[in-house]
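**Student:** Let me begin by handing over the structure; questions about it come next.
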Amino acid sequence: MTATVIDGRAVAKEINAVTATQTAALTSQGVIPGLAVIMVGDDPASAIYVRNKERRAGKLQFNSVVKRLPETATQVEVLDLVRHYNQDPAIHGILVQSPLPAHLNEEEVVMTIAPQKDVDGLHPKNLGQLFANVGHQYPVACTPKGIMTLLDRYDVPLAGKQVVMVGRSRLVGKPLVALMNNADATVTLAHRHTHHLAELTKTADVLVVAVGQANLITADMVKPGATVIDVGMNRLADGTLTGDVAAEVANVAGAITPVPGGVGPMTIATLMQQTVQLAAWQTGKQVQ
Ligand SMILES: Nc1nc(=O)c2c([nH]1)NC[C@@H]1CN(c3ccc(C(=O)N[C@@H](CCC(=O)O)C(=O)O)cc3)C=[N+]21
């Protein structure tokens with residue numbers, strides 16, 4: 001038996017088609033969705049992301065701005081740039097690429113982004129709303145949100161199911177836990193201090209892995225028939241891109257996302273979808 005391959009590119013294409021229609025609707029009302037990306041230094045995963053975002057935003061005819069600052073940029077420079085885009089009515093979404101160089105205070109940068117423009121959903125106000133499952137019109141981190149869309153498109157049941165999330169980043173693991181909880185799954189968050197990881201992952205009906213370590217998850221760690229979502233983005237010495245899940249897992253899982261072509265394209269599509277949504281909220285326009 002070999003697992004169903006969950007085709008992130010195909011689902012992303014559907015989402016992008018809807019986003020294109022919504023973009024046209026907004027543009028005809030005089031609002032061009034505006035996305036500002038700030039990248040400091042040159043993290044390789046960020047470089048892939050920025051390149052693919054620019055391409056997609058161009059195709060959708062967004063107002064897309066990418067500001068690249070050198071590794072040596074100061075905290076004040078980054079904060080001033082964020083404040084500039086906070087004030088700019090042509091920009092509806094602001095994204096600061098993570099990780100920032102070690103000398104910068106990421107916490108303070110995130111706190112400075114206007115919550116209504118925080119297209120990554122990282123601001124404590126937005127994360128708080130997500131965890132409390134209260135309110136409406138708040139952004140959610142694009143990778144976990146895109147994962148929920150994928151699972152929905154593939155009719156993967158979540159209510160009452162065991163979900164194990166490996167990796168507790170603010171960008172993926174934490175928001176995914178909240179989204180899964182809000183979807184009535186029983187969710188466990190595992191991380192570098194977790195004991196007996198293999199025993200835990202083997203209980204998962206849905207296993208999501210966002211660690212950044214090639215081959216971390218092997219076939220013996222997966223329940224037969226489970227859905228495995230691989231968020232890893234690892235560049236091997238020979239230049240190939242690979243996730244955190246070993247190829248042999250396809251012999252055990254029921255469904256699995258490939259890398260590339262799984263979660264990555266969904267992150268981009270969700271970013272564009274959410275930028276349009278933020279533009280509509282900020283301007284009071286209808287998109288559908
Ligand atoms: N504030 C912030 N938000 C992020 O969401 C964020 C970030 N910082 N820093 C870097 C990581 C990495 N990331 C990727 C998203 C899509 C692809 C992607 O498009 N992957 C494709 C293409 C791969 C390729 O072009 O070779 C795929 O998996 O098929 C990659 C990487 C978002 N991240």
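Ordering of the structure tokens sets the chain letters (A, B, ...), residue numbers begin anew at 1 in every chain, and ligands are numbered from 1 in the order given.
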Select from chain A every residue with an atom at most 7 Å from any atom of ligand 1, then for each give the shortest pair of atoms and their distance in Å to one decimal, using only C-alpha atoms and all ligand atoms, rows by chain and rising number, as a tab-separated table.
**Tutor:**
```
residue	atom	partner	partner_atom_place_in_ligand_line	distance
A:Ala45	CA	ligand 1	12 (C)	4.7
A:Ser46	CA	ligand 1	10 (C)	3.8
A:Ile48	CA	ligand 1	30 (C)	5.2
A:Tyr49	CA	ligand 1	14 (C)	4.3
A:Asn52	CA	ligand 1	19 (O)	5.5
A:Leu95	CA	ligand 1	1 (N)	5.6
A:Val96	CA	ligand 1	1 (N)	4.9
A:Gln97	CA	ligand 1	8 (N)	3.7
A:Ser98	CA	ligand 1	8 (N)	3.7
A:Pro99	CA	ligand 1	9 (N)	6.2
A:Asp120	CA	ligand 1	3 (N)	6.0
A:Cys142	CA	ligand 1	5 (O)	6.3
A:Thr143	CA	ligand 1	5 (O)	6.1
A:Leu171	CA	ligand 1	3 (N)	6.6
A:Met233	CA	ligand 1	31 (C)	6.5
A:Leu241	CA	ligand 1	26 (O)	6.5
A:Val259	CA	ligand 1	28 (O)	5.2
A:Pro260	CA	ligand 1	29 (O)	3.4
A:Gly261	CA	ligand 1	29 (O)	3.6
A:Gly262	CA	ligand 1	28 (O)	5.8
A:Val263	CA	ligand 1	28 (O)	6.0
A:Gly264	CA	ligand 1	28 (O)	3.6
A:Pro265	CA	ligand 1	19 (O)	4.8
A:Thr267	CA	ligand 1	16 (C)	5.5
A:Ile268	CA	ligand 1	16 (C)	5.8
```
**Student:** Would you write out those residues with C-alpha atoms, as a compact mmCIF listing (two decimals), in the first residue's frame?
**Tutor:**
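As a result, result-v5.txt now contains:
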```txt
# COMPACT_ATOMS: atom_id res chain seq x y z
CA ALA A 45 14.18 29.01 3.45
CA SER A 46 13.17 32.66 3.50
CA ILE A 48 12.67 30.47 -1.46
CA TYR A 49 9.58 31.93 0.15
CA ASN A 52 7.79 32.47 -4.81
CA LEU A 95 5.28 40.26 6.73
CA VAL A 96 8.70 40.24 8.37
CA GLN A 97 10.64 37.17 7.32
CA SER A 98 11.61 34.87 10.15
CA PRO A 99 14.20 34.19 11.47
CA ASP A 120 1.38 36.24 9.49
CA CYS A 142 -0.53 31.22 6.62
CA THR A 143 1.19 27.83 6.89
CA LEU A 171 4.65 30.54 13.03
CA MET A 233 12.04 22.70 4.21
CA LEU A 241 14.74 20.25 -1.17
CA VAL A 259 8.13 18.40 -0.34
CA PRO A 260 8.18 20.31 -2.58
CA GLY A 261 4.59 20.55 -3.81
CA GLY A 262 2.73 20.12 -0.52
CA VAL A 263 2.52 22.69 2.25
CA GLY A 264 4.83 25.26 0.56
CA PRO A 265 2.48 26.25 -2.28
CA THR A 267 1.52 28.85 2.38
CA ILE A 268 1.93 31.16 -0.60
```
**Student:** Set the distance at 12 Å and use only C-alpha atoms: which residues neighbour Leu81 (chain A) once local chain neighbours fewer than 4 positions away are removed? I'd like the list as a list in words.
**Tutor:**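 Near Leu81 (chain A), the qualifying residues are Ala36, Val37, Ile38, Met39, Val40, Val65, Val66, Lys67, Arg68, Leu69, Ala73, Thr74, Gln75, Val76, Glu77, Tyr85, Asn86, Gln87, Asp88, Ile94, Leu95, Val96, Val109, Thr112 and Ile113 of chain A.
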**Student:** Just write the chosen residues, N, CA and C atoms, as a PDB file, in the first residue's frame.
**Tutor:**
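Result went into selection-v7.pdb, see below:
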```
ATOM      1  N   ALA A  36       3.602  44.055   1.875  1.00  0.00           N
ATOM      2  CA  ALA A  36       5.000  44.445   2.085  1.00  0.00           C
ATOM      3  C   ALA A  36       5.740  43.332   2.811  1.00  0.00           C
ATOM      4  N   VAL A  37       6.847  42.919   2.242  1.00  0.00           N
ATOM      5  CA  VAL A  37       7.668  41.877   2.847  1.00  0.00           C
ATOM      6  C   VAL A  37       9.008  42.493   3.228  1.00  0.00           C
ATOM      7  N   ILE A  38       9.403  42.258   4.463  1.00  0.00           N
ATOM      8  CA  ILE A  38      10.693  42.756   4.936  1.00  0.00           C
ATOM      9  C   ILE A  38      11.584  41.551   5.201  1.00  0.00           C
ATOM     10  N   MET A  39      12.740  41.527   4.541  1.00  0.00           N
ATOM     11  CA  MET A  39      13.669  40.417   4.734  1.00  0.00           C
ATOM     12  C   MET A  39      15.013  40.985   5.172  1.00  0.00           C
ATOM     13  N   VAL A  40      15.501  40.499   6.292  1.00  0.00           N
ATOM     14  CA  VAL A  40      16.799  40.948   6.804  1.00  0.00           C
ATOM     15  C   VAL A  40      17.773  39.787   6.710  1.00  0.00           C
ATOM     16  N   VAL A  65       5.640  44.807  -2.442  1.00  0.00           N
ATOM     17  CA  VAL A  65       6.895  45.482  -2.135  1.00  0.00           C
ATOM     18  C   VAL A  65       7.773  44.528  -1.330  1.00  0.00           C
ATOM     19  N   VAL A  66       8.994  44.320  -1.768  1.00  0.00           N
ATOM     20  CA  VAL A  66       9.932  43.518  -0.975  1.00  0.00           C
ATOM     21  C   VAL A  66      11.094  44.413  -0.590  1.00  0.00           C
ATOM     22  N   LYS A  67      11.309  44.538   0.701  1.00  0.00           N
ATOM     23  CA  LYS A  67      12.399  45.376   1.210  1.00  0.00           C
ATOM     24  C   LYS A  67      13.465  44.447   1.771  1.00  0.00           C
ATOM     25  N   ARG A  68      14.617  44.427   1.130  1.00  0.00           N
ATOM     26  CA  ARG A  68      15.716  43.573   1.614  1.00  0.00           C
ATOM     27  C   ARG A  68      16.715  44.425   2.367  1.00  0.00           C
ATOM     28  N   LEU A  69      16.909  44.102   3.632  1.00  0.00           N
ATOM     29  CA  LEU A  69      17.896  44.819   4.436  1.00  0.00           C
ATOM     30  C   LEU A  69      19.100  43.906   4.663  1.00  0.00           C
ATOM     31  N   ALA A  73      21.564  45.177   9.511  1.00  0.00           N
ATOM     32  CA  ALA A  73      20.536  46.193   9.797  1.00  0.00           C
ATOM     33  C   ALA A  73      20.301  46.306  11.306  1.00  0.00           C
ATOM     34  N   THR A  74      19.964  47.521  11.737  1.00  0.00           N
ATOM     35  CA  THR A  74      19.728  47.731  13.175  1.00  0.00           C
ATOM     36  C   THR A  74      18.250  47.556  13.503  1.00  0.00           C
ATOM     37  N   GLN A  75      17.985  47.374  14.792  1.00  0.00           N
ATOM     38  CA  GLN A  75      16.620  47.233  15.296  1.00  0.00           C
ATOM     39  C   GLN A  75      15.782  48.457  14.904  1.00  0.00           C
ATOM     40  N   VAL A  76      16.379  49.641  15.038  1.00  0.00           N
ATOM     41  CA  VAL A  76      15.650  50.880  14.729  1.00  0.00           C
ATOM     42  C   VAL A  76      15.285  50.939  13.247  1.00  0.00           C
ATOM     43  N   GLU A  77      16.180  50.503  12.388  1.00  0.00           N
ATOM     44  CA  GLU A  77      15.881  50.491  10.942  1.00  0.00           C
ATOM     45  C   GLU A  77      14.681  49.596  10.641  1.00  0.00           C
ATOM     46  N   TYR A  85       5.168  51.122   6.981  1.00  0.00           N
ATOM     47  CA  TYR A  85       4.108  50.354   6.312  1.00  0.00           C
ATOM     48  C   TYR A  85       2.818  50.337   7.132  1.00  0.00           C
ATOM     49  N   ASN A  86       2.937  50.435   8.448  1.00  0.00           N
ATOM     50  CA  ASN A  86       1.723  50.561   9.282  1.00  0.00           C
ATOM     51  C   ASN A  86       0.893  51.776   8.847  1.00  0.00           C
ATOM     52  N   GLN A  87       1.611  52.847   8.477  1.00  0.00           N
ATOM     53  CA  GLN A  87       0.953  54.113   8.132  1.00  0.00           C
ATOM     54  C   GLN A  87       0.522  54.175   6.673  1.00  0.00           C
ATOM     55  N   ASP A  88       1.058  53.300   5.832  1.00  0.00           N
ATOM     56  CA  ASP A  88       0.857  53.410   4.389  1.00  0.00           C
ATOM     57  C   ASP A  88      -0.471  52.766   3.986  1.00  0.00           C
ATOM     58  N   ILE A  94       1.619  43.150   6.157  1.00  0.00           N
ATOM     59  CA  ILE A  94       3.058  43.303   6.420  1.00  0.00           C
ATOM     60  C   ILE A  94       3.591  41.967   6.920  1.00  0.00           C
ATOM     61  N   LEU A  95       4.686  41.534   6.328  1.00  0.00           N
ATOM     62  CA  LEU A  95       5.280  40.259   6.729  1.00  0.00           C
ATOM     63  C   LEU A  95       6.780  40.464   6.925  1.00  0.00           C
ATOM     64  N   VAL A  96       7.261  40.173   8.095  1.00  0.00           N
ATOM     65  CA  VAL A  96       8.696  40.237   8.366  1.00  0.00           C
ATOM     66  C   VAL A  96       9.219  38.813   8.371  1.00  0.00           C
ATOM     67  N   VAL A 109       9.718  43.520  17.118  1.00  0.00           N
ATOM     68  CA  VAL A 109       9.317  43.775  15.732  1.00  0.00           C
ATOM     69  C   VAL A 109       7.871  43.322  15.523  1.00  0.00           C
ATOM     70  N   THR A 112       5.303  45.503  17.002  1.00  0.00           N
ATOM     71  CA  THR A 112       5.183  46.816  16.349  1.00  0.00           C
ATOM     72  C   THR A 112       4.264  46.759  15.128  1.00  0.00           C
ATOM     73  N   ILE A 113       4.099  45.592  14.538  1.00  0.00           N
ATOM     74  CA  ILE A 113       3.222  45.475  13.364  1.00  0.00           C
ATOM     75  C   ILE A 113       1.779  45.773  13.785  1.00  0.00           C
TER      76      ILE A 113
END
```
**Student:** Write out as number ranges by chain each polymer residue whose atoms come within 10 Å of region 11-20 of chain A, counting only C-alpha atoms; drop sequence neighbours fewer than 3 positions from it.
**Tutor:** A: 6-8, 23-26, 56, 59-62, 146, 149-150, 153-154, 261-270, 272-277, 287-288
**Student:** Residues of region 45-234 of chain A classed as helix (DSSP H, G or I) by DSSP on the backbone are to be reported as a ChimeraX atom specification.
**Tutor:** /A:45-59,75-87,106-112,115-117,124-132,142-153,173-182,197-201,219-221
**Student:** Neighbours of Arg235 (chain A) within 9 Å (only C-alpha atoms; same-chain residues fewer than 4 positions away dropped), as a VMD selection string?
**Tutor:** chain A and resid 44 to 45 214 239 to 243
**Student:** Got a sec: who's within 8 Å of region 180-190 of chain A, counting only C-alpha atoms, leaving out chain neighbours fewer than 6 positions off, as number ranges by chain?
**Tutor:** A: 133, 158-168, 173, 197
**Student:** For a quick check of understanding, using only C-alpha atoms, which of A:Val231, A:Val156, A:Ala178, A:Ile217 has the smallest distance to Asp205 (chain A)?
**Tutor:**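 So, comparing all the options, the nearest one is A:Val156.
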**Student:** Hey, what's within 9 Å of Ile91 (chain A) if we count only C-alpha atoms and toss same-chain stuff fewer than 6 positions away? As a VMD selection string, please?
**Tutor:** chain A and resid 32 to 36 63 to 65 85 117 279
**Student:** Could you tell me which of A:Val110, A:Leu100, A:Ala219, A:Val140 comes closest to Asp42 (chain A) if we count only C-alpha atoms?
**Tutor:**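 When distances to Asp42 (chain A) are compared using only C-alpha atoms, the smallest one comes from A:Leu100.
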**Student:** Take CA of Glu199 (chain A) and CA of Asn251 (chain A) and report the distance between them in Å, one decimal.
**Tutor:**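 Here the two named atoms are 18.5 Å from each other.
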**Student:** Taking into account only C-alpha atoms, which residue in the set A:Met111, A:Ala102, A:Ala57, A:Ala90 is nearest to Thr72 (chain A)?
**Tutor:**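 Checking each candidate against Thr72 (chain A), we get A:Ala102 as the closest.
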**Student:** For Val5 (chain A), list every protein, DNA or RNA residue within 10 Å, evaluated using only C-alpha atoms, and leave out those in the same chain fewer than 6 positions away; present the list as a PyMOL selection string.
**Tutor:** chain A and resi 227-228+250+253-258+261-262
**Student:** Could you check the closest approach to Thr4 (chain A) for each of A:Lys125, A:Gln286, A:Val252, A:Val211 and tell me which residue wins, using only C-alpha atoms?
**Tutor:**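 When distances to Thr4 (chain A) are compared using only C-alpha atoms, the smallest one comes from A:Val252.
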**Student:** Kindly give the distance, in Å, that separates CA of Val245 (chain A) and CA of Thr203 (chain A), rounded to a single decimal.
**Tutor:**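 It comes out at 16.4 Å.
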**Student:** Taking only region 104-251 of chain A into account, list the residues labelled strand (DSSP E or B) by DSSP (computed from the backbone), as a compact mmCIF listing (two decimals) with C-alpha atoms, in the first residue's frame.
**Tutor:**
```txt
# COMPACT_ATOMS: atom_id res chain seq x y z
CA ASP A 118 -0.24 41.33 10.56
CA GLN A 162 -5.70 12.46 17.65
CA VAL A 163 -3.46 15.12 16.20
CA VAL A 164 0.23 15.31 17.07
CA MET A 165 2.10 18.47 16.17
CA VAL A 166 5.90 18.15 16.28
CA THR A 186 -7.48 16.15 20.52
CA VAL A 187 -4.13 17.75 19.98
CA THR A 188 -0.72 17.15 21.53
CA LEU A 189 2.22 19.47 20.98
CA ALA A 190 5.63 17.78 20.93
CA VAL A 206 -2.96 13.31 11.79
CA LEU A 207 0.76 13.95 12.25
CA VAL A 208 2.13 17.41 11.44
CA VAL A 209 5.89 17.93 11.48
CA ILE A 217 10.06 10.94 11.07
CA THR A 227 -2.35 11.50 7.44
CA VAL A 228 1.15 13.00 7.52
CA ILE A 229 1.74 16.70 6.89
CA ASP A 230 5.37 17.60 6.27
CA ASN A 234 15.58 21.27 4.24
CA ARG A 235 18.14 21.89 1.53
CA LEU A 241 14.74 20.25 -1.17
CA THR A 242 13.36 17.74 1.33
CA VAL A 245 9.57 12.97 6.86
```
**Student:** Calculate how many Å separate CA of His92 (chain A) from CA of Val119 (chain A), rounding to one decimal.
**Tutor:**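 We find that CA of His92 (chain A) and CA of Val119 (chain A) lie 8.3 Å from each other.
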